[in-house]
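*Asks:* Input file: start_26.cif. Contents: mmCIF, C-alpha atoms.
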```cif
data_structure
#
loop_
_atom_site.group_PDB
_atom_site.id
_atom_site.type_symbol
_atom_site.label_atom_id
_atom_site.label_comp_id
_atom_site.auth_asym_id
_atom_site.auth_seq_id
_atom_site.Cartn_x
_atom_site.Cartn_y
_atom_site.Cartn_z
ATOM 1 C CA MET X 4 27.210 -9.520 -23.456
ATOM 2 C CA ALA X 5 29.457 -11.079 -26.084
ATOM 3 C CA SER X 6 27.956 -13.886 -28.111
ATOM 4 C CA SER X 7 29.203 -17.437 -27.554
ATOM 5 C CA ILE X 8 28.227 -18.489 -31.081
ATOM 6 C CA VAL X 9 31.334 -19.710 -32.931
ATOM 7 C CA PRO X 10 30.719 -19.776 -36.696
ATOM 8 C CA GLY X 11 34.419 -20.552 -37.209
ATOM 9 C CA ASN X 12 33.763 -24.108 -35.961
ATOM 10 C CA ILE X 13 31.930 -24.844 -39.211
ATOM 11 C CA ASP X 14 34.109 -25.630 -42.230
ATOM 12 C CA GLY X 15 32.470 -23.610 -44.978
ATOM 13 C CA THR X 16 34.668 -25.249 -47.618
ATOM 14 C CA PHE X 17 33.423 -28.752 -46.760
ATOM 15 C CA PRO X 18 32.378 -30.862 -48.585
ATOM 16 C CA ILE X 19 34.621 -30.344 -51.557
ATOM 17 C CA ALA X 20 32.739 -30.803 -54.798
ATOM 18 C CA GLY X 21 33.863 -33.557 -57.177
ATOM 19 C CA GLN X 22 35.792 -35.653 -54.690
ATOM 20 C CA ASP X 23 35.154 -38.304 -52.083
ATOM 21 C CA ASN X 24 34.714 -36.535 -48.691
ATOM 22 C CA SER X 25 35.236 -38.051 -45.244
ATOM 23 C CA SER X 26 32.074 -38.640 -43.234
ATOM 24 C CA GLN X 27 33.942 -37.235 -40.183
ATOM 25 C CA GLY X 28 33.873 -33.792 -41.808
ATOM 26 C CA PHE X 29 30.081 -34.037 -42.129
ATOM 27 C CA ARG X 30 29.761 -35.103 -38.490
ATOM 28 C CA ASP X 31 32.029 -32.258 -37.323
ATOM 29 C CA ASN X 32 30.036 -29.667 -39.279
ATOM 30 C CA PHE X 33 26.675 -31.029 -38.075
ATOM 31 C CA THR X 34 27.905 -31.049 -34.452
ATOM 32 C CA ALA X 35 29.216 -27.475 -34.741
ATOM 33 C CA THR X 36 25.943 -26.362 -36.365
ATOM 34 C CA LYS X 37 23.871 -28.054 -33.636
ATOM 35 C CA ASN X 38 26.021 -26.499 -30.875
ATOM 36 C CA ASN X 39 25.676 -23.052 -32.432
ATOM 37 C CA PHE X 40 21.880 -23.458 -32.695
ATOM 38 C CA THR X 41 21.750 -24.470 -29.020
ATOM 39 C CA THR X 42 23.835 -21.436 -28.058
ATOM 40 C CA THR X 43 21.733 -19.182 -30.299
ATOM 41 C CA LYS X 44 18.532 -20.436 -28.674
ATOM 42 C CA SER X 45 19.920 -19.727 -25.212
ATOM 43 C CA GLU X 46 21.083 -16.219 -26.167
ATOM 44 C CA ILE X 47 17.754 -15.346 -27.822
ATOM 45 C CA GLU X 48 15.832 -16.563 -24.765
ATOM 46 C CA ALA X 49 18.060 -14.421 -22.527
ATOM 47 C CA LEU X 50 17.316 -11.395 -24.714
ATOM 48 C CA GLN X 51 13.595 -12.111 -24.660
ATOM 49 C CA THR X 52 13.677 -12.317 -20.870
ATOM 50 C CA SER X 53 15.800 -9.269 -20.097
ATOM 51 C CA SER X 54 15.392 -6.822 -22.971
ATOM 52 C CA VAL X 55 13.229 -3.739 -22.850
ATOM 53 C CA ALA X 56 10.345 -3.723 -25.297
ATOM 54 C CA ASN X 57 8.741 -0.535 -26.547
ATOM 55 C CA ASN X 58 5.239 -1.958 -26.908
ATOM 56 C CA VAL X 59 4.653 -3.447 -23.433
ATOM 57 C CA ALA X 60 5.062 -2.389 -19.804
ATOM 58 C CA ASN X 61 8.579 -3.122 -18.549
ATOM 59 C CA SER X 62 9.723 -3.844 -14.998
ATOM 60 C CA PHE X 63 13.349 -3.254 -14.126
ATOM 61 C CA ASN X 64 12.895 -5.130 -10.819
ATOM 62 C CA ASP X 65 14.481 -2.314 -8.790
ATOM 63 C CA ASN X 66 17.680 -2.357 -10.857
ATOM 64 C CA VAL X 67 19.551 0.905 -11.420
ATOM 65 C CA VAL X 68 19.156 2.716 -14.722
ATOM 66 C CA SER X 69 22.021 5.186 -14.936
ATOM 67 C CA ARG X 70 23.178 7.926 -17.258
ATOM 68 C CA ALA X 71 19.745 8.087 -18.884
ATOM 69 C CA VAL X 72 18.382 11.165 -20.584
ATOM 70 C CA LEU X 73 14.615 11.370 -20.393
ATOM 71 C CA LYS X 74 12.451 13.407 -22.719
ATOM 72 C CA ASP X 75 8.684 13.602 -23.032
ATOM 73 C CA THR X 76 8.010 11.262 -20.117
ATOM 74 C CA SER X 77 5.012 11.176 -17.819
ATOM 75 C CA GLU X 78 3.939 9.717 -14.508
ATOM 76 C CA THR X 79 0.834 7.690 -13.840
ATOM 77 C CA VAL X 80 -2.040 9.171 -11.852
ATOM 78 C CA PHE X 81 -3.705 6.891 -9.327
ATOM 79 C CA GLY X 82 -7.125 8.107 -8.287
ATOM 80 C CA HIS X 83 -8.573 7.075 -4.941
ATOM 81 C CA GLY X 84 -11.806 8.740 -6.053
ATOM 82 C CA THR X 85 -14.147 10.511 -3.679
ATOM 83 C CA ALA X 86 -13.400 8.950 -0.341
ATOM 84 C CA GLY X 87 -13.012 9.292 3.387
ATOM 85 C CA GLY X 88 -11.926 7.069 6.229
ATOM 86 C CA ASN X 89 -8.808 4.912 5.985
ATOM 87 C CA ILE X 90 -6.839 5.429 2.772
ATOM 88 C CA THR X 91 -3.504 3.771 2.058
ATOM 89 C CA LEU X 92 -1.060 5.539 -0.220
ATOM 90 C CA ASN X 93 0.734 2.654 -1.928
ATOM 91 C CA HIS X 94 4.009 3.675 -3.568
ATOM 92 C CA GLU X 95 3.559 0.897 -6.130
ATOM 93 C CA ASN X 96 0.442 2.695 -7.429
ATOM 94 C CA GLY X 97 2.614 5.562 -8.664
ATOM 95 C CA HIS X 98 4.055 8.863 -7.553
ATOM 96 C CA TYR X 99 0.928 10.971 -8.108
ATOM 97 C CA GLN X 100 -2.253 10.066 -6.260
ATOM 98 C CA THR X 101 -5.529 11.951 -5.923
ATOM 99 C CA ILE X 102 -8.382 12.081 -3.423
ATOM 100 C CA THR X 103 -11.530 14.163 -3.154
ATOM 101 C CA THR X 104 -12.756 14.026 0.423
ATOM 102 C CA ASN X 105 -16.274 13.145 1.488
ATOM 103 C CA ALA X 106 -15.281 12.725 5.154
ATOM 104 C CA ALA X 107 -12.210 12.929 7.352
ATOM 105 C CA VAL X 108 -9.263 10.889 6.055
ATOM 106 C CA THR X 109 -6.742 8.760 7.927
ATOM 107 C CA LEU X 110 -3.672 8.064 5.808
ATOM 108 C CA ALA X 111 -1.393 5.044 5.875
ATOM 109 C CA PHE X 112 1.587 4.284 3.647
ATOM 110 C CA THR X 113 2.921 1.099 2.118
ATOM 111 C CA ASN X 114 5.552 -0.215 -0.293
ATOM 112 C CA PHE X 115 8.059 2.608 -0.185
ATOM 113 C CA PRO X 116 11.314 1.410 -1.792
ATOM 114 C CA VAL X 117 14.110 -0.059 0.316
ATOM 115 C CA SER X 118 16.414 1.946 2.526
ATOM 116 C CA GLY X 119 19.053 3.845 0.593
ATOM 117 C CA THR X 120 16.634 4.791 -2.187
ATOM 118 C CA LEU X 121 14.143 7.663 -2.134
ATOM 119 C CA GLY X 122 10.477 7.013 -2.628
ATOM 120 C CA ARG X 123 7.993 9.830 -3.009
ATOM 121 C CA ILE X 124 4.263 10.261 -3.407
ATOM 122 C CA ILE X 125 2.551 13.496 -4.334
ATOM 123 C CA LEU X 126 -0.954 13.598 -2.901
ATOM 124 C CA ASP X 127 -3.335 15.911 -4.782
ATOM 125 C CA ILE X 128 -6.261 16.258 -2.395
ATOM 126 C CA THR X 129 -9.418 18.265 -2.843
ATOM 127 C CA TYR X 130 -11.092 19.043 0.471
ATOM 128 C CA ALA X 131 -14.849 19.249 -0.059
ATOM 129 C CA ASN X 132 -15.454 20.511 3.478
ATOM 130 C CA THR X 133 -13.284 22.199 6.117
ATOM 131 C CA SER X 134 -14.328 19.518 8.619
ATOM 132 C CA HIS X 135 -12.561 16.904 6.491
ATOM 133 C CA THR X 136 -9.275 16.616 8.333
ATOM 134 C CA ILE X 137 -6.339 14.391 7.459
ATOM 135 C CA THR X 138 -4.767 12.259 10.136
ATOM 136 C CA ILE X 139 -1.267 11.071 9.304
ATOM 137 C CA PRO X 140 0.818 8.439 11.086
ATOM 138 C CA SER X 141 2.751 9.870 14.033
ATOM 139 C CA THR X 142 5.995 8.797 12.345
ATOM 140 C CA VAL X 143 5.480 11.373 9.564
ATOM 141 C CA LEU X 144 7.662 14.455 10.040
ATOM 142 C CA VAL X 145 5.679 17.509 8.920
ATOM 143 C CA ALA X 146 7.451 20.573 7.484
ATOM 144 C CA ASP X 147 6.480 23.999 8.769
ATOM 145 C CA ASN X 148 4.908 24.962 5.419
ATOM 146 C CA VAL X 149 1.941 22.569 5.712
ATOM 147 C CA THR X 150 -1.273 24.581 5.985
ATOM 148 C CA GLY X 151 -3.240 23.399 9.007
ATOM 149 C CA GLY X 152 -0.382 21.342 10.385
ATOM 150 C CA ASP X 153 1.224 23.030 13.361
ATOM 151 C CA GLY X 154 3.418 20.112 14.412
ATOM 152 C CA SER X 155 1.593 19.682 17.714
ATOM 153 C CA SER X 156 -0.548 16.796 16.445
ATOM 154 C CA ASN X 157 -0.763 14.395 13.539
ATOM 155 C CA THR X 158 -3.994 15.970 12.254
ATOM 156 C CA ILE X 159 -4.045 18.429 9.360
ATOM 157 C CA THR X 160 -6.974 20.867 9.572
ATOM 158 C CA ILE X 161 -7.433 23.217 6.636
ATOM 159 C CA GLY X 162 -9.135 26.613 6.867
ATOM 160 C CA SER X 163 -10.550 26.743 3.338
ATOM 161 C CA ILE X 164 -12.003 24.133 1.041
ATOM 162 C CA GLY X 165 -10.031 23.582 -2.144
ATOM 163 C CA ARG X 166 -7.210 21.683 -3.702
ATOM 164 C CA TYR X 167 -3.949 21.096 -1.825
ATOM 165 C CA MET X 168 -0.835 19.158 -2.772
ATOM 166 C CA TYR X 169 1.469 17.378 -0.373
ATOM 167 C CA GLU X 170 4.633 15.437 -1.057
ATOM 168 C CA PHE X 171 5.583 12.489 1.131
ATOM 169 C CA MET X 172 9.158 11.193 0.847
ATOM 170 C CA SER X 173 10.978 8.306 2.491
ATOM 171 C CA PRO X 174 14.690 7.463 2.171
ATOM 172 C CA ASP X 175 14.451 4.369 4.353
ATOM 173 C CA GLY X 176 11.631 2.111 3.206
ATOM 174 C CA GLY X 177 8.892 4.051 5.012
ATOM 175 C CA THR X 178 10.458 4.078 8.479
ATOM 176 C CA THR X 179 10.788 7.857 8.204
ATOM 177 C CA ILE X 180 8.336 9.804 6.056
ATOM 178 C CA LEU X 181 8.853 13.497 5.393
ATOM 179 C CA MET X 182 5.853 15.648 4.440
ATOM 180 C CA HIS X 183 5.761 19.103 2.923
ATOM 181 C CA GLN X 184 3.197 21.110 1.027
ATOM 182 C CA LEU X 185 3.645 22.057 -2.619
ATOM 183 C CA GLY X 186 2.460 25.633 -3.053
ATOM 184 C CA LYS X 187 -0.463 26.800 -0.960
ATOM 185 C CA MET X 188 -3.939 26.091 -2.268
ATOM 186 C CA TYR X 189 -4.928 25.508 -5.875
ATOM 187 C CA ASP X 190 -8.377 26.516 -7.118
#
```
Please lay out the structure from this file as structure tokens.
*Replies:*
Amino acid sequence: MASSIVPGNIDGTFPIAGQDNSSQGFRDNFTATKNNFTTTKSEIEALQTSSVANNVANSFNDNVVSRAVLKDTSETVFGHGTAGGNITLNHENGHYQTITTNAAVTLAFTNFPVSGTLGRIILDITYANTSHTITIPSTVLVADNVTGGDGSSNTITIGSIGRYMYEFMSPDGGTTILMHQLGKMYD
């Protein structure tokens, strides 16, 4: 954004020392100074509203950041704790979410980004008991590498207790959700 401040509107040579100066010159300079201050205020407020700060959380409001090179970044971890029953994986809570089961789990999903953008959630789940199944919405398409998911139902039944990781992805705002397993089982 180019600045609209025009310092050239102020006559830096006015008033001329040692001679009678026109009051119009004073008025012109004061008006130009006032206009530049007004413009400066507006531009500073725009910067304060839309600039990225390095000491606070920033929201880009779903705008594209392109040609960025990232180094030493991290993702937040959202813990659902030890839980069972109905659990909603909310995309706005972050891409990495954890659960330790204390009963069977029924998953739901919310707030995937709009169609035409890819949203993903990695679920790091520790099954405390083999009877703790996961029921997923019938709209989730399950890859053939998901342990305990044979594609014939929307229930995942594991054979061994332990830690499993699943990735859920949606390119269309959650209308279609693709599920696959990352690795096998982690101890």
*Asks:* To verify the selection step, state as a PyMOL selection string which residues the PyMOL selection byres ((chain X and resi 11) around 12) yields on this input.
*Replies:* chain X and resi 7-10+12-16+31-32+35-36+39
*Asks:* Using only C-alpha atoms - which residues lie no farther than 9 Å from the point (-11.3, 11.6, 12.2) in the file's frame? Write them as a PyMOL selection string.
*Replies:* chain X and resi 88+106-109+135-138+158
*Asks:* Find the spatial neighbours of Thr150 in chain X, counting only C-alpha atoms, within a cut-off of 8 Å - ignore same-chain residues fewer than 4 positions away - and output them as a ChimeraX atom specification.
*Replies:* /X:159-161,184,187
*Asks:* For CA of Phe112 in chain X and CA of Ser62 in chain X, determine how far apart the two atoms are, in Å to one decimal place.
*Replies:*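 The value is 21.9 Å.
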*Asks:* Considering all atoms listed in the file, state which residue in the set X:Phe115, X:Pro174, X:Leu50, X:Ile124 is at the smallest distance from Val80 in chain X.
*Replies:*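 Under the stated criterion, the closest residue is X:Ile124.
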*Asks:* Using the chain letters and numbers from the file, give me the residues hit by the PyMOL selection byres ((chain X and resi 122) around 6), as a ChimeraX atom specification.
*Replies:* /X:115-116,121,123,172-173
*Asks:* Do you know which residues the PyMOL selection byres ((chain X and resi 176) around 6) returns on this file, as a list in words?
*Replies:* Phe115, Pro116, Val117, Ser118, Asp175, Gly177 and Thr178 of chain X
*Asks:* Tell me, in Å to one decimal, how far CA of Asn114 in chain X is from CA of Asn64 in chain X.
*Replies:*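 We find that CA of Asn114 in chain X and CA of Asn64 in chain X lie 13.7 Å from each other.
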*Asks:* For the atom pair CA of Asn105 in chain X and CA of Asp147 in chain X, what is the interatomic distance in Å to one decimal place?
*Replies:*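 Taking CA of Asn105 in chain X as the start and CA of Asp147 in chain X as the end point, the length is 26.2 Å.
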*Asks:* Around the point (3.7, 11.5, 6.4) (coordinates from the file), which residues reach within 9 Å if we count only C-alpha atoms? Answer as a CSV table (one decimal) with C-alpha atoms, keeping the file's coordinate frame.
*Replies:*
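The resulting file, selection_38.csv, is shown below:
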```csv
chain,number,residue,atom,x,y,z
X,110,LEU,CA,-3.7,8.1,5.8
X,111,ALA,CA,-1.4,5.0,5.9
X,112,PHE,CA,1.6,4.3,3.6
X,139,ILE,CA,-1.3,11.1,9.3
X,140,PRO,CA,0.8,8.4,11.1
X,141,SER,CA,2.8,9.9,14.0
X,142,THR,CA,6.0,8.8,12.3
X,143,VAL,CA,5.5,11.4,9.6
X,144,LEU,CA,7.7,14.5,10.0
X,145,VAL,CA,5.7,17.5,8.9
X,157,ASN,CA,-0.8,14.4,13.5
X,170,GLU,CA,4.6,15.4,-1.1
X,171,PHE,CA,5.6,12.5,1.1
X,172,MET,CA,9.2,11.2,0.8
X,173,SER,CA,11.0,8.3,2.5
X,179,THR,CA,10.8,7.9,8.2
X,180,ILE,CA,8.3,9.8,6.1
X,181,LEU,CA,8.9,13.5,5.4
X,182,MET,CA,5.9,15.6,4.4
X,183,HIS,CA,5.8,19.1,2.9
```
*Asks:* For a quick check of understanding, using all atoms listed in the file, which of X:Asn96, X:Ser45, X:Thr120, X:Thr104 has the smallest distance to Gly165 in chain X?
*Replies:*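 Smallest distance to Gly165 in chain X is found for X:Thr104.
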*Asks:* For Arg166 in chain X, please output as a PyMOL selection string all residues within 7 Å (counting only C-alpha atoms; exclusion window: fewer than 6 positions along the same chain).
*Replies:* chain X and resi 128-130+188-190
*Asks:* Would you save range 110-154 of chain X from the block above with N, CA and C atoms, as a PDB file, in the first residue's frame?
*Replies:*
```
ATOM      1  N   LEU X 110     -17.705 -40.604  17.146  1.00  0.00           N
ATOM      2  CA  LEU X 110     -17.107 -39.356  16.667  1.00  0.00           C
ATOM      3  C   LEU X 110     -18.086 -38.552  15.815  1.00  0.00           C
ATOM      4  N   ALA X 111     -17.958 -37.248  15.919  1.00  0.00           N
ATOM      5  CA  ALA X 111     -18.625 -36.302  15.026  1.00  0.00           C
ATOM      6  C   ALA X 111     -17.574 -35.269  14.638  1.00  0.00           C
ATOM      7  N   PHE X 112     -17.832 -34.538  13.583  1.00  0.00           N
ATOM      8  CA  PHE X 112     -16.878 -33.555  13.073  1.00  0.00           C
ATOM      9  C   PHE X 112     -17.575 -32.219  12.871  1.00  0.00           C
ATOM     10  N   THR X 113     -16.826 -31.145  13.081  1.00  0.00           N
ATOM     11  CA  THR X 113     -17.392 -29.820  12.846  1.00  0.00           C
ATOM     12  C   THR X 113     -16.297 -28.844  12.431  1.00  0.00           C
ATOM     13  N   ASN X 114     -16.719 -27.810  11.745  1.00  0.00           N
ATOM     14  CA  ASN X 114     -15.888 -26.656  11.369  1.00  0.00           C
ATOM     15  C   ASN X 114     -14.715 -26.974  10.452  1.00  0.00           C
ATOM     16  N   PHE X 115     -14.890 -27.960   9.565  1.00  0.00           N
ATOM     17  CA  PHE X 115     -13.884 -28.109   8.516  1.00  0.00           C
ATOM     18  C   PHE X 115     -13.939 -26.857   7.642  1.00  0.00           C
ATOM     19  N   PRO X 116     -12.824 -26.466   7.025  1.00  0.00           N
ATOM     20  CA  PRO X 116     -12.842 -25.264   6.184  1.00  0.00           C
ATOM     21  C   PRO X 116     -13.714 -25.463   4.941  1.00  0.00           C
ATOM     22  N   VAL X 117     -14.012 -24.361   4.288  1.00  0.00           N
ATOM     23  CA  VAL X 117     -14.945 -24.350   3.157  1.00  0.00           C
ATOM     24  C   VAL X 117     -14.462 -25.220   2.008  1.00  0.00           C
ATOM     25  N   SER X 118     -15.399 -25.569   1.158  1.00  0.00           N
ATOM     26  CA  SER X 118     -15.111 -26.358  -0.029  1.00  0.00           C
ATOM     27  C   SER X 118     -14.036 -25.681  -0.872  1.00  0.00           C
ATOM     28  N   GLY X 119     -13.147 -26.491  -1.412  1.00  0.00           N
ATOM     29  CA  GLY X 119     -12.046 -25.953  -2.207  1.00  0.00           C
ATOM     30  C   GLY X 119     -10.776 -25.764  -1.398  1.00  0.00           C
ATOM     31  N   THR X 120     -10.855 -25.991  -0.093  1.00  0.00           N
ATOM     32  CA  THR X 120      -9.673 -25.979   0.768  1.00  0.00           C
ATOM     33  C   THR X 120      -9.667 -27.294   1.538  1.00  0.00           C
ATOM     34  N   LEU X 121      -8.487 -27.774   1.898  1.00  0.00           N
ATOM     35  CA  LEU X 121      -8.370 -29.049   2.593  1.00  0.00           C
ATOM     36  C   LEU X 121      -8.218 -28.826   4.082  1.00  0.00           C
ATOM     37  N   GLY X 122      -9.078 -29.450   4.830  1.00  0.00           N
ATOM     38  CA  GLY X 122      -8.943 -29.457   6.283  1.00  0.00           C
ATOM     39  C   GLY X 122      -8.549 -30.848   6.723  1.00  0.00           C
ATOM     40  N   ARG X 123      -7.728 -30.932   7.765  1.00  0.00           N
ATOM     41  CA  ARG X 123      -7.333 -32.250   8.247  1.00  0.00           C
ATOM     42  C   ARG X 123      -7.217 -32.234   9.762  1.00  0.00           C
ATOM     43  N   ILE X 124      -7.503 -33.376  10.344  1.00  0.00           N
ATOM     44  CA  ILE X 124      -7.339 -33.573  11.783  1.00  0.00           C
ATOM     45  C   ILE X 124      -6.636 -34.911  11.969  1.00  0.00           C
ATOM     46  N   ILE X 125      -5.559 -34.899  12.719  1.00  0.00           N
ATOM     47  CA  ILE X 125      -4.930 -36.150  13.128  1.00  0.00           C
ATOM     48  C   ILE X 125      -5.477 -36.469  14.510  1.00  0.00           C
ATOM     49  N   LEU X 126      -6.021 -37.668  14.644  1.00  0.00           N
ATOM     50  CA  LEU X 126      -6.533 -38.127  15.933  1.00  0.00           C
ATOM     51  C   LEU X 126      -5.552 -39.147  16.498  1.00  0.00           C
ATOM     52  N   ASP X 127      -4.959 -38.816  17.626  1.00  0.00           N
ATOM     53  CA  ASP X 127      -4.036 -39.688  18.358  1.00  0.00           C
ATOM     54  C   ASP X 127      -4.861 -40.295  19.489  1.00  0.00           C
ATOM     55  N   ILE X 128      -5.238 -41.560  19.317  1.00  0.00           N
ATOM     56  CA  ILE X 128      -6.148 -42.181  20.282  1.00  0.00           C
ATOM     57  C   ILE X 128      -5.477 -43.367  20.957  1.00  0.00           C
ATOM     58  N   THR X 129      -5.578 -43.391  22.257  1.00  0.00           N
ATOM     59  CA  THR X 129      -5.078 -44.522  23.032  1.00  0.00           C
ATOM     60  C   THR X 129      -6.284 -45.317  23.514  1.00  0.00           C
ATOM     61  N   TYR X 130      -6.388 -46.555  23.001  1.00  0.00           N
ATOM     62  CA  TYR X 130      -7.464 -47.446  23.422  1.00  0.00           C
ATOM     63  C   TYR X 130      -7.037 -48.111  24.724  1.00  0.00           C
ATOM     64  N   ALA X 131      -7.820 -47.922  25.770  1.00  0.00           N
ATOM     65  CA  ALA X 131      -7.507 -48.531  27.063  1.00  0.00           C
ATOM     66  C   ALA X 131      -8.067 -49.949  27.172  1.00  0.00           C
ATOM     67  N   ASN X 132      -8.977 -50.300  26.252  1.00  0.00           N
ATOM     68  CA  ASN X 132      -9.611 -51.608  26.302  1.00  0.00           C
ATOM     69  C   ASN X 132     -10.041 -51.967  24.884  1.00  0.00           C
ATOM     70  N   THR X 133      -9.939 -53.246  24.517  1.00  0.00           N
ATOM     71  CA  THR X 133     -10.324 -53.642  23.160  1.00  0.00           C
ATOM     72  C   THR X 133     -11.825 -53.520  22.921  1.00  0.00           C
ATOM     73  N   SER X 134     -12.612 -53.412  23.981  1.00  0.00           N
ATOM     74  CA  SER X 134     -14.059 -53.229  23.800  1.00  0.00           C
ATOM     75  C   SER X 134     -14.413 -51.779  23.473  1.00  0.00           C
ATOM     76  N   HIS X 135     -13.453 -50.899  23.556  1.00  0.00           N
ATOM     77  CA  HIS X 135     -13.694 -49.479  23.260  1.00  0.00           C
ATOM     78  C   HIS X 135     -13.628 -49.267  21.745  1.00  0.00           C
ATOM     79  N   THR X 136     -14.733 -49.377  21.107  1.00  0.00           N
ATOM     80  CA  THR X 136     -14.801 -49.186  19.661  1.00  0.00           C
ATOM     81  C   THR X 136     -14.946 -47.703  19.339  1.00  0.00           C
ATOM     82  N   ILE X 137     -14.730 -47.392  18.062  1.00  0.00           N
ATOM     83  CA  ILE X 137     -15.001 -46.036  17.569  1.00  0.00           C
ATOM     84  C   ILE X 137     -16.075 -46.164  16.504  1.00  0.00           C
ATOM     85  N   THR X 138     -17.113 -45.382  16.647  1.00  0.00           N
ATOM     86  CA  THR X 138     -18.139 -45.302  15.619  1.00  0.00           C
ATOM     87  C   THR X 138     -17.972 -43.959  14.930  1.00  0.00           C
ATOM     88  N   ILE X 139     -17.857 -44.018  13.607  1.00  0.00           N
ATOM     89  CA  ILE X 139     -17.661 -42.803  12.812  1.00  0.00           C
ATOM     90  C   ILE X 139     -18.922 -42.550  11.990  1.00  0.00           C
ATOM     91  N   PRO X 140     -19.147 -41.306  11.592  1.00  0.00           N
ATOM     92  CA  PRO X 140     -20.319 -41.034  10.748  1.00  0.00           C
ATOM     93  C   PRO X 140     -20.267 -41.869   9.466  1.00  0.00           C
ATOM     94  N   SER X 141     -21.413 -42.264   8.972  1.00  0.00           N
ATOM     95  CA  SER X 141     -21.466 -43.110   7.774  1.00  0.00           C
ATOM     96  C   SER X 141     -20.942 -42.389   6.540  1.00  0.00           C
ATOM     97  N   THR X 142     -20.809 -41.079   6.600  1.00  0.00           N
ATOM     98  CA  THR X 142     -20.288 -40.323   5.456  1.00  0.00           C
ATOM     99  C   THR X 142     -18.764 -40.369   5.369  1.00  0.00           C
ATOM    100  N   VAL X 143     -18.098 -40.911   6.394  1.00  0.00           N
ATOM    101  CA  VAL X 143     -16.638 -41.007   6.377  1.00  0.00           C
ATOM    102  C   VAL X 143     -16.234 -42.179   5.487  1.00  0.00           C
ATOM    103  N   LEU X 144     -15.346 -41.916   4.540  1.00  0.00           N
ATOM    104  CA  LEU X 144     -14.816 -42.964   3.669  1.00  0.00           C
ATOM    105  C   LEU X 144     -13.532 -43.489   4.298  1.00  0.00           C
ATOM    106  N   VAL X 145     -13.513 -44.781   4.619  1.00  0.00           N
ATOM    107  CA  VAL X 145     -12.407 -45.385   5.357  1.00  0.00           C
ATOM    108  C   VAL X 145     -11.469 -46.094   4.388  1.00  0.00           C
ATOM    109  N   ALA X 146     -10.171 -45.770   4.468  1.00  0.00           N
ATOM    110  CA  ALA X 146      -9.162 -46.434   3.637  1.00  0.00           C
ATOM    111  C   ALA X 146      -8.982 -47.876   4.104  1.00  0.00           C
ATOM    112  N   ASP X 147      -8.414 -48.694   3.221  1.00  0.00           N
ATOM    113  CA  ASP X 147      -8.255 -50.109   3.560  1.00  0.00           C
ATOM    114  C   ASP X 147      -7.108 -50.380   4.534  1.00  0.00           C
ATOM    115  N   ASN X 148      -6.397 -49.346   4.976  1.00  0.00           N
ATOM    116  CA  ASN X 148      -5.295 -49.569   5.920  1.00  0.00           C
ATOM    117  C   ASN X 148      -5.700 -49.319   7.372  1.00  0.00           C
ATOM    118  N   VAL X 149      -6.975 -49.106   7.642  1.00  0.00           N
ATOM    119  CA  VAL X 149      -7.425 -48.814   9.004  1.00  0.00           C
ATOM    120  C   VAL X 149      -7.640 -50.132   9.753  1.00  0.00           C
ATOM    121  N   THR X 150      -6.813 -50.360  10.770  1.00  0.00           N
ATOM    122  CA  THR X 150      -6.925 -51.565  11.580  1.00  0.00           C
ATOM    123  C   THR X 150      -8.295 -51.614  12.242  1.00  0.00           C
ATOM    124  N   GLY X 151      -8.999 -52.732  12.039  1.00  0.00           N
ATOM    125  CA  GLY X 151     -10.308 -52.896  12.665  1.00  0.00           C
ATOM    126  C   GLY X 151     -11.447 -52.276  11.896  1.00  0.00           C
ATOM    127  N   GLY X 152     -11.146 -51.690  10.756  1.00  0.00           N
ATOM    128  CA  GLY X 152     -12.183 -51.111   9.910  1.00  0.00           C
ATOM    129  C   GLY X 152     -12.214 -51.854   8.597  1.00  0.00           C
ATOM    130  N   ASP X 153     -13.214 -52.687   8.400  1.00  0.00           N
ATOM    131  CA  ASP X 153     -13.249 -53.508   7.188  1.00  0.00           C
ATOM    132  C   ASP X 153     -14.116 -52.910   6.089  1.00  0.00           C
ATOM    133  N   GLY X 154     -14.672 -51.740   6.321  1.00  0.00           N
ATOM    134  CA  GLY X 154     -15.490 -51.089   5.302  1.00  0.00           C
ATOM    135  C   GLY X 154     -16.931 -51.553   5.286  1.00  0.00           C
TER     136      GLY X 154
END
```
